file target15.txt (compact mmCIF, C-alpha atoms)
# COMPACT_ATOMS: atom_id res chain seq x y z
CA MET A 1 120.41 97.24 85.37
CA LYS A 2 119.73 97.36 89.10
CA ILE A 3 116.34 96.40 90.52
CA LEU A 4 114.87 96.78 94.01
CA VAL A 5 112.21 94.27 95.07
CA THR A 6 110.34 95.05 98.28
CA GLY A 7 108.72 92.08 99.99
CA ALA A 8 111.48 89.88 98.55
CA ALA A 9 111.11 87.17 101.20
CA GLY A 10 107.40 86.77 100.55
CA PHE A 11 105.45 84.30 98.44
CA ILE A 12 105.39 86.23 95.16
CA GLY A 13 108.46 88.36 95.87
CA SER A 14 110.86 85.43 96.27
CA HIS A 15 109.63 83.85 93.03
CA LEU A 16 110.00 87.18 91.23
CA CYS A 17 113.59 87.59 92.40
CA GLU A 18 114.48 84.11 91.16
CA ARG A 19 112.87 84.84 87.79
CA LEU A 20 114.63 88.20 87.36
CA LEU A 21 118.02 86.70 88.19
CA GLN A 22 117.72 84.45 85.14
CA ASP A 23 118.72 87.60 83.23
CA THR A 24 122.47 87.83 83.78
CA SER A 25 122.44 91.59 83.13
CA LEU A 26 120.37 92.28 86.25
CA GLU A 27 121.52 93.01 89.79
CA LEU A 28 118.91 92.72 92.55
CA ILE A 29 118.40 94.22 95.98
CA GLY A 30 115.78 92.38 97.99
CA LEU A 31 114.19 94.26 100.89
CA ASP A 32 111.91 92.70 103.51
CA ALA A 33 110.97 93.80 107.01
CA TYR A 34 109.51 90.42 108.11
CA VAL A 35 106.40 92.37 109.16
CA LYS A 36 103.84 90.83 111.49
CA SER A 37 101.67 88.69 109.21
CA SER A 38 100.54 85.16 108.53
CA THR A 39 103.93 84.15 107.10
CA PRO A 40 106.30 83.11 109.91
CA VAL A 41 109.97 84.08 109.86
CA HIS A 42 111.19 80.54 109.18
CA ALA A 43 108.96 80.39 106.09
CA ARG A 44 110.50 83.61 104.78
CA GLU A 45 113.97 82.19 105.38
CA TYR A 46 112.92 79.10 103.42
CA ASN A 47 111.75 81.34 100.57
CA LEU A 48 115.16 83.06 100.47
CA ARG A 49 117.30 79.91 100.70
CA TYR A 50 118.50 79.98 97.07
CA LEU A 51 118.55 83.75 96.66
CA LEU A 52 120.96 84.34 99.54
CA GLN A 53 123.57 82.23 97.73
CA HIS A 54 123.30 84.19 94.49
CA PRO A 55 126.19 86.58 93.68
CA ARG A 56 123.89 89.18 92.05
CA PHE A 57 121.41 89.29 94.93
CA THR A 58 121.75 91.47 98.03
CA PHE A 59 119.26 91.05 100.87
CA ILE A 60 118.43 93.82 103.33
CA GLN A 61 116.15 93.16 106.29
CA GLN A 62 114.78 96.62 106.96
CA ASP A 63 111.49 98.43 107.44
CA LEU A 64 110.42 100.67 104.55
CA LEU A 65 109.52 103.34 107.09
CA LYS A 66 113.07 103.41 108.43
CA VAL A 67 115.41 102.53 105.58
CA PRO A 68 117.73 105.41 104.52
CA TRP A 69 117.09 106.07 100.85
CA ASP A 70 120.58 107.45 100.20
CA GLN A 71 121.95 103.98 100.98
CA LEU A 72 119.37 102.07 98.95
CA LEU A 73 117.97 103.91 95.94
CA PRO A 74 120.98 105.53 94.18
CA GLY A 75 121.66 103.55 91.00
CA VAL A 76 118.35 101.65 91.14
CA ASP A 77 116.53 101.59 87.79
CA ILE A 78 113.30 99.72 88.62
CA VAL A 79 111.38 99.32 91.87
CA TYR A 80 108.99 96.41 92.30
CA HIS A 81 106.87 97.25 95.32
CA LEU A 82 105.43 93.93 96.54
CA ALA A 83 105.83 94.54 100.28
CA GLY A 84 102.68 94.95 102.30
CA MET A 85 100.23 93.46 104.73
CA PRO A 86 98.14 90.76 103.02
CA GLY A 87 94.84 89.15 103.90
CA VAL A 88 91.18 90.14 103.68
CA ARG A 89 89.87 88.43 106.81
CA SER A 90 92.53 89.76 109.16
CA SER A 91 92.09 93.37 108.04
CA TRP A 92 89.06 94.08 110.23
CA GLY A 93 89.17 95.48 113.75
CA GLU A 94 92.30 96.53 115.62
CA ASP A 95 94.68 94.89 113.14
CA PHE A 96 93.79 97.42 110.45
CA LYS A 97 96.52 99.64 111.92
CA TYR A 98 99.07 97.23 110.40
CA TYR A 99 97.47 97.72 106.98
CA ILE A 100 97.65 101.49 107.35
CA THR A 101 101.34 101.27 108.28
CA ASN A 102 102.50 98.66 105.78
CA ASN A 103 100.21 99.27 102.79
CA ILE A 104 99.68 103.02 102.91
CA GLU A 105 102.40 104.77 104.91
CA ALA A 106 105.20 102.54 103.59
CA THR A 107 104.05 103.05 99.98
CA GLN A 108 103.94 106.83 100.43
CA ARG A 109 107.44 106.90 101.90
CA LEU A 110 108.84 104.74 99.10
CA LEU A 111 107.29 107.05 96.50
CA GLU A 112 108.94 110.00 98.26
CA GLY A 113 112.25 108.15 98.05
CA CYS A 114 111.78 107.57 94.33
CA HIS A 115 111.10 111.29 93.87
CA ALA A 116 114.45 112.08 95.53
CA TYR A 117 116.30 109.36 93.59
CA PRO A 118 114.59 109.04 90.18
CA ILE A 119 113.97 105.61 88.64
CA THR A 120 112.72 104.38 85.25
CA LYS A 121 109.76 102.27 86.51
CA PHE A 122 107.81 101.89 89.75
CA VAL A 123 105.72 98.71 89.61
CA TYR A 124 103.05 98.55 92.31
CA ALA A 125 101.53 95.18 93.25
CA SER A 126 97.82 95.61 93.76
CA THR A 127 94.94 93.15 93.95
CA SER A 128 91.61 92.14 92.47
CA SER A 129 90.17 93.00 95.90
CA VAL A 130 89.96 96.64 94.79
CA TYR A 131 87.09 95.74 92.42
CA GLY A 132 84.69 94.34 95.01
CA GLU A 133 81.61 92.38 93.90
CA LYS A 134 81.35 92.22 90.11
CA THR A 135 79.40 90.15 87.60
CA GLY A 136 81.22 88.68 84.62
CA GLN A 137 84.68 89.43 83.31
CA VAL A 138 86.34 92.52 84.78
CA ASN A 139 88.64 94.86 82.89
CA GLU A 140 90.78 97.68 84.25
CA THR A 141 88.14 100.34 83.62
CA SER A 142 85.65 98.67 85.97
CA SER A 143 84.67 100.63 89.06
CA THR A 144 86.67 100.05 92.23
CA GLU A 145 84.43 99.24 95.20
CA PRO A 146 86.46 97.16 97.70
CA LEU A 147 84.55 95.07 100.23
CA SER A 148 87.28 94.88 102.89
CA PRO A 149 89.68 97.18 104.75
CA TYR A 150 92.50 95.28 103.00
CA GLY A 151 91.07 96.21 99.60
CA VAL A 152 90.71 99.82 100.74
CA SER A 153 94.36 99.91 101.83
CA LYS A 154 95.58 98.57 98.47
CA LEU A 155 93.35 100.93 96.51
CA THR A 156 94.73 103.79 98.61
CA GLY A 157 98.21 102.65 97.60
CA GLU A 158 97.13 102.81 93.95
CA GLN A 159 95.81 106.34 94.43
CA LEU A 160 99.05 107.41 96.07
CA CYS A 161 100.93 106.06 93.07
CA ARG A 162 98.73 108.10 90.73
CA VAL A 163 99.17 111.26 92.81
CA TYR A 164 102.97 110.93 92.70
CA ALA A 165 102.87 110.04 89.01
CA HIS A 166 100.89 113.21 88.31
CA ASN A 167 102.81 115.62 90.53
CA ASP A 168 106.33 114.18 90.61
CA ARG A 169 106.40 112.19 87.35
CA ILE A 170 107.06 108.89 89.15
CA PRO A 171 106.90 106.30 86.32
CA VAL A 172 104.18 104.12 87.83
CA VAL A 173 102.75 100.82 86.57
CA ILE A 174 99.98 99.13 88.58
CA LEU A 175 99.42 95.36 88.43
CA ARG A 176 96.27 93.83 89.92
CA PHE A 177 96.76 90.18 90.88
CA PHE A 178 93.91 87.66 90.95
CA THR A 179 94.18 84.88 93.60
CA VAL A 180 97.79 83.78 93.22
CA TYR A 181 98.65 80.24 94.35
CA GLY A 182 101.46 77.71 94.08
CA PRO A 183 104.67 76.77 95.93
CA ARG A 184 105.43 78.99 98.98
CA GLN A 185 101.84 80.20 99.21
CA ARG A 186 101.08 81.87 102.53
CA PRO A 187 99.81 79.49 105.26
CA ASP A 188 96.57 81.44 105.68
CA MET A 189 95.52 81.04 102.04
CA ALA A 190 92.87 78.50 101.06
CA PHE A 191 94.87 76.00 99.01
CA HIS A 192 97.67 75.87 101.56
CA ARG A 193 95.16 75.23 104.35
CA PHE A 194 93.28 72.62 102.29
CA ILE A 195 96.47 70.68 101.53
CA LYS A 196 97.71 70.79 105.12
CA HIS A 197 94.35 69.53 106.41
CA ILE A 198 94.34 66.66 103.93
CA LEU A 199 97.88 65.68 104.94
CA GLN A 200 96.81 65.76 108.59
CA ASN A 201 93.57 63.82 107.91
CA LYS A 202 91.46 66.75 109.09
CA PRO A 203 88.24 68.04 107.50
CA ILE A 204 88.73 70.85 104.97
CA PRO A 205 87.15 74.11 106.24
CA ILE A 206 85.08 75.74 103.50
CA ASN A 207 83.80 79.29 103.80
CA GLY A 208 80.30 79.70 102.44
CA ASP A 209 78.81 77.02 100.19
CA GLY A 210 81.96 76.38 98.17
CA LYS A 211 80.31 77.51 94.94
CA GLN A 212 82.14 80.83 94.89
CA THR A 213 84.55 81.04 91.95
CA ARG A 214 87.98 82.58 91.57
CA ASP A 215 90.31 83.39 88.73
CA PHE A 216 93.27 81.35 90.01
CA THR A 217 96.71 82.57 88.93
CA TYR A 218 99.70 80.23 89.25
CA VAL A 219 102.65 82.01 90.81
CA GLY A 220 104.96 81.10 87.91
CA ASP A 221 102.59 82.76 85.45
CA CYS A 222 102.17 85.76 87.73
CA VAL A 223 105.91 86.43 88.01
CA SER A 224 106.31 86.04 84.25
CA ALA A 225 103.93 88.96 83.86
CA ILE A 226 105.65 91.01 86.57
CA ALA A 227 109.12 90.38 85.13
CA ALA A 228 107.90 91.33 81.65
CA THR A 229 107.30 94.90 82.86
CA ALA A 230 111.07 95.37 83.11
CA TYR A 231 111.37 95.10 79.34
CA ALA A 232 108.01 96.40 78.11
CA ASP A 233 107.68 99.79 76.46
CA ASN A 234 104.70 102.15 76.65
CA ILE A 235 103.35 100.84 79.96
CA ILE A 236 104.02 103.84 82.22
CA GLY A 237 100.74 104.99 83.74
CA GLU A 238 98.94 101.75 82.96
CA THR A 239 96.87 99.57 85.29
CA ILE A 240 96.97 95.91 84.24
CA ASN A 241 95.05 92.82 85.40
CA ILE A 242 97.07 89.65 85.97
CA GLY A 243 94.74 86.64 86.00
CA GLY A 244 95.19 82.92 85.52
CA LYS A 245 94.61 80.17 83.00
CA GLU A 246 91.61 78.65 84.75
CA ARG A 247 88.61 79.77 86.78
CA ALA A 248 86.93 77.32 89.13
CA SER A 249 84.76 77.05 92.21
CA VAL A 250 86.16 76.06 95.59
CA LEU A 251 84.33 72.72 95.29
CA ASP A 252 85.92 72.15 91.86
CA CYS A 253 89.36 72.71 93.43
CA ILE A 254 88.63 70.25 96.23
CA ALA A 255 87.64 67.66 93.64
CA ILE A 256 91.03 68.14 91.95
CA LEU A 257 92.79 67.74 95.31
CA GLU A 258 90.84 64.51 95.96
CA GLU A 259 92.03 63.22 92.60
CA LEU A 260 95.65 64.19 93.28
CA PHE A 261 95.62 62.63 96.76
CA ASN A 262 93.53 59.69 95.54
CA LYS A 263 91.22 59.97 98.54
CA LYS A 264 87.87 61.41 99.51
CA VAL A 265 88.22 64.33 101.90
CA GLU A 266 85.79 65.40 104.56
CA GLN A 267 84.40 68.92 104.16
CA GLN A 268 83.40 71.26 106.97
CA PHE A 269 81.24 74.17 105.82
CA MET A 270 81.70 77.42 107.69
CA GLY A 271 79.81 80.70 107.56
CA LYS A 272 80.22 83.04 104.62
CA PRO A 273 83.14 85.41 105.33
CA ILE A 274 82.63 89.15 105.11
CA GLY A 275 84.66 91.23 102.70
CA GLU A 276 85.02 88.65 99.92
CA PRO A 277 83.27 88.70 96.53
CA SER A 278 81.33 85.69 95.29
CA HIS A 279 83.20 85.59 91.98
CA THR A 280 86.31 87.00 90.32
CA TRP A 281 87.17 86.86 86.64
CA ALA A 282 89.98 88.87 85.08
CA ASP A 283 89.98 90.26 81.58
CA THR A 284 93.70 89.88 80.80
CA SER A 285 93.61 91.17 77.21
CA LYS A 286 95.56 94.27 78.26
CA ALA A 287 98.29 92.15 79.86
CA GLN A 288 98.45 90.07 76.69
CA SER A 289 98.78 93.10 74.47
CA LEU A 290 101.23 95.14 76.60
CA LEU A 291 103.27 92.36 78.24
CA GLY A 292 102.81 89.40 75.92
CA TYR A 293 101.20 87.63 78.88
CA GLU A 294 99.69 84.20 78.40
CA PRO A 295 99.15 82.06 81.52
CA LYS A 296 100.20 78.46 80.93
CA THR A 297 99.59 76.51 84.16
CA ASP A 298 96.22 74.88 84.79
CA LEU A 299 94.88 74.13 88.25
CA ARG A 300 95.79 70.47 88.29
CA ARG A 301 99.46 71.14 87.51
CA GLY A 302 99.59 74.14 89.81
CA LEU A 303 98.02 72.34 92.75
CA LYS A 304 100.33 69.37 92.26
CA ALA A 305 103.33 71.71 92.45
CA GLU A 306 101.98 73.31 95.63
CA ILE A 307 101.41 69.90 97.24
CA LEU A 308 104.99 68.85 96.49
CA ASP A 309 106.33 72.08 97.96
CA ILE A 310 104.36 71.66 101.19
CA VAL A 311 105.31 68.00 101.54
CA ASN A 312 109.00 68.77 101.01
CA ASN A 313 109.17 71.93 103.15
CA PRO A 314 110.78 71.01 106.49
CA PHE A 315 109.43 74.18 108.13
CA LEU A 316 105.73 73.47 107.51

call {"tool": "encode", "arguments": {"input": "target15.txt", "output": "structure tokens"}}
result
Amino acid sequence: MKILVTGAAGFIGSHLCERLLQDTSLELIGLDAYVKSSTPVHAREYNLRYLLQHPRFTFIQQDLLKVPWDQLLPGVDIVYHLAGMPGVRSSWGEDFKYYITNNIEATQRLLEGCHAYPITKFVYASTSSVYGEKTGQVNETSSTEPLSPYGVSKLTGEQLCRVYAHNDRIPVVILRFFTVYGPRQRPDMAFHRFIKHILQNKPIPINGDGKQTRDFTYVGDCVSAIAATAYADNIIGETINIGGKERASVLDCIAILEELFNKKVEQQFMGKPIGEPSHTWADTSKAQSLLGYEPKTDLRRGLKAEILDIVNNPFL
């Protein structure tokens, strides 16, 4: 079976490719455009360092808006569409044009390609940001009311998937990720910034009062769920939450980092950012039932793994 992974040099994409290649029956094409974002080129090259040596992995550095489908999609069975422009805070103002290009236009063009060259599954990576501010546990039937332009762009991608599923029978599956963390996490994300500041003996910048909570999903658990879609039956047309083993506040996470570093860290409280909900909490019962998903990594283990990755990464 041949699989195309877009965004293969990214945080989640590189982990997914490594997980899929554990199945010796799979052949992978990894596509990444190295789009302008918070992840520098050398970090993407670091993410790919093992994949580029693998005999069943082919890497193509190409923009989804320019790639010729007749050279890429024939023979592909599954498309994992992880490519896109990430980040809530950077999606305001002039930079929103990059979200339109990379999250909306690129998705539409890829769906057109999959109409011309039919596949068996199109798995779209979405986000909990589409839900907006919610109270309590959120399931997939909850209303979608994004608080940021980023969330709007990802929800638009979801709607495009549904339009093409309805009109062109594209076999779409939508996965909504909740705050993924772990080794190779993007430099702009909170845990990465916290760890770097501790290593540099700088105060940790905290947005808001630190009491906001997140459903934290370890990247290894996340890619287990994504990879499971390759083998699962009866998931076409489904939207599925992918959450983590443990919810916690930002202050709780800092306390774990203090324990792991065995030091008290200085905290610098910033203003509350716009576009971010106070709390997220995924109902993952659908993922459990359809994908056999059961997150295994708690925050202490996951943060320890991320610390080791940052310490041992020569490019950071």

call {"tool": "closest_residue", "arguments": {"input": "target15.txt", "among": "A:Ala227, A:Ile206, A:Val138, A:Val219", "to": "His279 (chain A)", "atoms": "all atoms listed in the file"}}
result
A:Val138

call {"tool": "closest_atom_pairs", "arguments": {"input": "target15.txt", "of": "region 36-149 of chain A", "to": "region 234-257 of chain A", "cutoff": "9 Å", "atoms": "all atoms listed in the file", "output": "CSV"}}
result
residue,atom,partner,partner_atom,distance
A:Lys121,CA,A:Ile236,CA,7.3
A:Phe122,CA,A:Ile236,CA,8.7
A:Thr127,CA,A:Asn241,CA,8.6
A:Ser128,CA,A:Asn241,CA,7.9
A:Val138,CA,A:Asn241,CA,8.7
A:Asn139,CA,A:Asn241,CA,7.2
A:Glu140,CA,A:Ile240,CA,6.4
A:Thr141,CA,A:Thr239,CA,8.9

call {"tool": "atom_distance", "arguments": {"input": "target15.txt", "atom1": "CA of Ile195 (chain A)", "atom2": "CA of Asp283 (chain A)"}}
result
28.7 Å

call {"tool": "residues_around", "arguments": {"input": "target15.txt", "residues": "Ile226 (chain A)", "least_positions_apart": "6", "cutoff": "9 Å", "atoms": "only C-alpha atoms", "output": "list of chain:residue names"}}
result
A:Leu16, A:Tyr80, A:Val123, A:Ala125, A:Leu175, A:Ile242, A:Leu291

call {"tool": "residues_around", "arguments": {"input": "target15.txt", "residues": "Ser129 (chain A)", "least_positions_apart": "2", "cutoff": "8 Å", "atoms": "only C-alpha atoms", "output": "list in words"}}
result
Thr127, Tyr131, Gly132, Pro146, Leu147, Ser148, Tyr150, Gly151 and Glu276 of chain A

call {"tool": "residues_near_point", "arguments": {"input": "target15.txt", "point": "(122.6, 85.5, 94.5)", "cutoff": "12 Å", "atoms": "only C-alpha atoms", "output": "JSON list (two decimals) with C-alpha atoms, in the frame of the given file"}}
result
[["chain", "number", "residue", "atom", "x", "y", "z"],
["A", 14, "SER", "CA", 110.86, 85.43, 96.27],
["A", 17, "CYS", "CA", 113.59, 87.59, 92.40],
["A", 18, "GLU", "CA", 114.48, 84.11, 91.16],
["A", 19, "ARG", "CA", 112.87, 84.84, 87.79],
["A", 20, "LEU", "CA", 114.63, 88.20, 87.36],
["A", 21, "LEU", "CA", 118.02, 86.70, 88.19],
["A", 22, "GLN", "CA", 117.72, 84.45, 85.14],
["A", 24, "THR", "CA", 122.47, 87.83, 83.78],
["A", 26, "LEU", "CA", 120.37, 92.28, 86.25],
["A", 27, "GLU", "CA", 121.52, 93.01, 89.79],
["A", 28, "LEU", "CA", 118.91, 92.72, 92.55],
["A", 29, "ILE", "CA", 118.40, 94.22, 95.98],
["A", 30, "GLY", "CA", 115.78, 92.38, 97.99],
["A", 48, "LEU", "CA", 115.16, 83.06, 100.47],
["A", 49, "ARG", "CA", 117.30, 79.91, 100.70],
["A", 50, "TYR", "CA", 118.50, 79.98, 97.07],
["A", 51, "LEU", "CA", 118.55, 83.75, 96.66],
["A", 52, "LEU", "CA", 120.96, 84.34, 99.54],
["A", 53, "GLN", "CA", 123.57, 82.23, 97.73],
["A", 54, "HIS", "CA", 123.30, 84.19, 94.49],
["A", 55, "PRO", "CA", 126.19, 86.58, 93.68],
["A", 56, "ARG", "CA", 123.89, 89.18, 92.05],
["A", 57, "PHE", "CA", 121.41, 89.29, 94.93],
["A", 58, "THR", "CA", 121.75, 91.47, 98.03],
["A", 59, "PHE", "CA", 119.26, 91.05, 100.87]]

call {"tool": "atom_distance", "arguments": {"input": "target15.txt", "atom1": "CA of Thr229 (chain A)", "atom2": "CA of Ser289 (chain A)"}}
result
12.1 Å

call {"tool": "residues_around", "arguments": {"input": "target15.txt", "residues": "Gln200 (chain A)", "least_positions_apart": "6", "cutoff": "12 Å", "atoms": "only C-alpha atoms", "output": "list in words"}}
result
Arg193, Phe194, Val265, Glu266, Val311 and Leu316 of chain A

call {"tool": "atom_distance", "arguments": {"input": "target15.txt", "atom1": "CA of Ile12 (chain A)", "atom2": "CA of Glu306 (chain A)"}}
result
13.4 Å

call {"tool": "residues_around", "arguments": {"input": "target15.txt", "residues": "Trp69 (chain A)", "least_positions_apart": "5", "cutoff": "9 Å", "atoms": "only C-alpha atoms", "output": "ChimeraX atom specification"}}
result
/A:74,110,113-114,116-117

call {"tool": "closest_residue", "arguments": {"input": "target15.txt", "among": "A:Pro187, A:Ala43, A:Thr135, A:Lys36", "to": "Asp95 (chain A)", "atoms": "all atoms listed in the file"}}
result
A:Lys36

call {"tool": "closest_residue", "arguments": {"input": "target15.txt", "among": "A:Met270, A:Met189, A:Ile104, A:Val180", "to": "Cys222 (chain A)", "atoms": "all atoms listed in the file"}}
result
A:Val180

call {"tool": "closest_residue", "arguments": {"input": "target15.txt", "among": "A:Gln62, A:Thr179, A:Thr6, A:Thr156", "to": "Gly84 (chain A)", "atoms": "all atoms listed in the file"}}
result
A:Thr6

call {"tool": "closest_residue", "arguments": {"input": "target15.txt", "among": "A:Arg301, A:Lys264, A:His166, A:Lys272", "to": "Thr217 (chain A)", "atoms": "only C-alpha atoms"}}
result
A:Arg301

call {"tool": "decode", "arguments": {"input": "target15.txt", "residues": "region 299-308 of chain A", "atoms": "all heavy atoms", "output": "PDB file, in the first residue's frame"}}
result
ATOM      1  N   LEU A 299       1.695  13.413  31.416  1.00  0.00           N
ATOM      2  CA  LEU A 299       2.452  14.641  31.211  1.00  0.00           C
ATOM      3  C   LEU A 299       3.888  14.542  31.693  1.00  0.00           C
ATOM      4  O   LEU A 299       4.803  15.068  31.053  1.00  0.00           O
ATOM      5  CB  LEU A 299       1.742  15.803  31.925  1.00  0.00           C
ATOM      6  CG  LEU A 299       0.731  16.576  31.093  1.00  0.00           C
ATOM      7  CD1 LEU A 299      -0.104  17.483  31.979  1.00  0.00           C
ATOM      8  CD2 LEU A 299       1.440  17.385  30.013  1.00  0.00           C
ATOM      9  N   ARG A 300       4.102  13.894  32.808  1.00  0.00           N
ATOM     10  CA  ARG A 300       5.476  13.822  33.325  1.00  0.00           C
ATOM     11  C   ARG A 300       6.392  13.090  32.353  1.00  0.00           C
ATOM     12  O   ARG A 300       7.489  13.560  32.036  1.00  0.00           O
ATOM     13  CB  ARG A 300       5.489  13.140  34.699  1.00  0.00           C
ATOM     14  CG  ARG A 300       6.806  13.308  35.441  1.00  0.00           C
ATOM     15  CD  ARG A 300       6.772  12.658  36.824  1.00  0.00           C
ATOM     16  NE  ARG A 300       7.946  13.034  37.570  1.00  0.00           N
ATOM     17  CZ  ARG A 300       9.156  12.523  37.386  1.00  0.00           C
ATOM     18  NH1 ARG A 300       9.345  11.610  36.434  1.00  0.00           N
ATOM     19  NH2 ARG A 300      10.183  12.916  38.118  1.00  0.00           N
ATOM     20  N   ARG A 301       5.949  11.949  31.860  1.00  0.00           N
ATOM     21  CA  ARG A 301       6.748  11.182  30.897  1.00  0.00           C
ATOM     22  C   ARG A 301       6.896  11.936  29.586  1.00  0.00           C
ATOM     23  O   ARG A 301       7.972  11.953  28.982  1.00  0.00           O
ATOM     24  CB  ARG A 301       6.103   9.817  30.641  1.00  0.00           C
ATOM     25  CG  ARG A 301       6.301   8.809  31.761  1.00  0.00           C
ATOM     26  CD  ARG A 301       5.539   7.536  31.466  1.00  0.00           C
ATOM     27  NE  ARG A 301       5.875   6.989  30.162  1.00  0.00           N
ATOM     28  CZ  ARG A 301       5.059   6.258  29.426  1.00  0.00           C
ATOM     29  NH1 ARG A 301       3.835   6.009  29.827  1.00  0.00           N
ATOM     30  NH2 ARG A 301       5.459   5.780  28.268  1.00  0.00           N
ATOM     31  N   GLY A 302       5.806  12.551  29.133  1.00  0.00           N
ATOM     32  CA  GLY A 302       5.857  13.268  27.866  1.00  0.00           C
ATOM     33  C   GLY A 302       6.764  14.483  27.916  1.00  0.00           C
ATOM     34  O   GLY A 302       7.533  14.742  26.984  1.00  0.00           O
ATOM     35  N   LEU A 303       6.696  15.239  29.010  1.00  0.00           N
ATOM     36  CA  LEU A 303       7.554  16.412  29.152  1.00  0.00           C
ATOM     37  C   LEU A 303       9.022  16.011  29.293  1.00  0.00           C
ATOM     38  O   LEU A 303       9.913  16.683  28.768  1.00  0.00           O
ATOM     39  CB  LEU A 303       7.111  17.246  30.355  1.00  0.00           C
ATOM     40  CG  LEU A 303       5.852  18.081  30.137  1.00  0.00           C
ATOM     41  CD1 LEU A 303       5.364  18.672  31.452  1.00  0.00           C
ATOM     42  CD2 LEU A 303       6.100  19.185  29.119  1.00  0.00           C
ATOM     43  N   LYS A 304       9.271  14.925  29.974  1.00  0.00           N
ATOM     44  CA  LYS A 304      10.653  14.442  30.096  1.00  0.00           C
ATOM     45  C   LYS A 304      11.225  14.092  28.717  1.00  0.00           C
ATOM     46  O   LYS A 304      12.373  14.425  28.402  1.00  0.00           O
ATOM     47  CB  LYS A 304      10.705  13.216  31.013  1.00  0.00           C
ATOM     48  CG  LYS A 304      12.118  12.736  31.306  1.00  0.00           C
ATOM     49  CD  LYS A 304      12.109  11.605  32.330  1.00  0.00           C
ATOM     50  CE  LYS A 304      13.527  11.170  32.669  1.00  0.00           C
ATOM     51  NZ  LYS A 304      13.536  10.061  33.672  1.00  0.00           N
ATOM     52  N   ALA A 305      10.411  13.461  27.880  1.00  0.00           N
ATOM     53  CA  ALA A 305      10.860  13.119  26.528  1.00  0.00           C
ATOM     54  C   ALA A 305      11.119  14.370  25.709  1.00  0.00           C
ATOM     55  O   ALA A 305      12.091  14.437  24.934  1.00  0.00           O
ATOM     56  CB  ALA A 305       9.817  12.238  25.843  1.00  0.00           C
ATOM     57  N   GLU A 306      10.280  15.400  25.867  1.00  0.00           N
ATOM     58  CA  GLU A 306      10.488  16.640  25.120  1.00  0.00           C
ATOM     59  C   GLU A 306      11.750  17.366  25.599  1.00  0.00           C
ATOM     60  O   GLU A 306      12.503  17.918  24.784  1.00  0.00           O
ATOM     61  CB  GLU A 306       9.269  17.550  25.238  1.00  0.00           C
ATOM     62  CG  GLU A 306       9.408  18.811  24.400  1.00  0.00           C
ATOM     63  CD  GLU A 306       8.120  19.556  24.153  1.00  0.00           C
ATOM     64  OE1 GLU A 306       7.031  18.994  24.405  1.00  0.00           O
ATOM     65  OE2 GLU A 306       8.184  20.717  23.690  1.00  0.00           O
ATOM     66  N   ILE A 307      11.986  17.359  26.890  1.00  0.00           N
ATOM     67  CA  ILE A 307      13.215  17.970  27.425  1.00  0.00           C
ATOM     68  C   ILE A 307      14.448  17.309  26.826  1.00  0.00           C
ATOM     69  O   ILE A 307      15.383  17.971  26.362  1.00  0.00           O
ATOM     70  CB  ILE A 307      13.253  17.864  28.961  1.00  0.00           C
ATOM     71  CG1 ILE A 307      12.188  18.762  29.590  1.00  0.00           C
ATOM     72  CG2 ILE A 307      14.642  18.245  29.503  1.00  0.00           C
ATOM     73  CD1 ILE A 307      11.957  18.501  31.069  1.00  0.00           C
ATOM     74  N   LEU A 308      14.472  15.981  26.822  1.00  0.00           N
ATOM     75  CA  LEU A 308      15.628  15.248  26.293  1.00  0.00           C
ATOM     76  C   LEU A 308      15.848  15.560  24.823  1.00  0.00           C
ATOM     77  O   LEU A 308      16.989  15.700  24.368  1.00  0.00           O
ATOM     78  CB  LEU A 308      15.428  13.736  26.498  1.00  0.00           C
ATOM     79  CG  LEU A 308      15.512  13.246  27.945  1.00  0.00           C
ATOM     80  CD1 LEU A 308      15.121  11.785  28.038  1.00  0.00           C
ATOM     81  CD2 LEU A 308      16.936  13.452  28.478  1.00  0.00           C
TER      82      LEU A 308
END
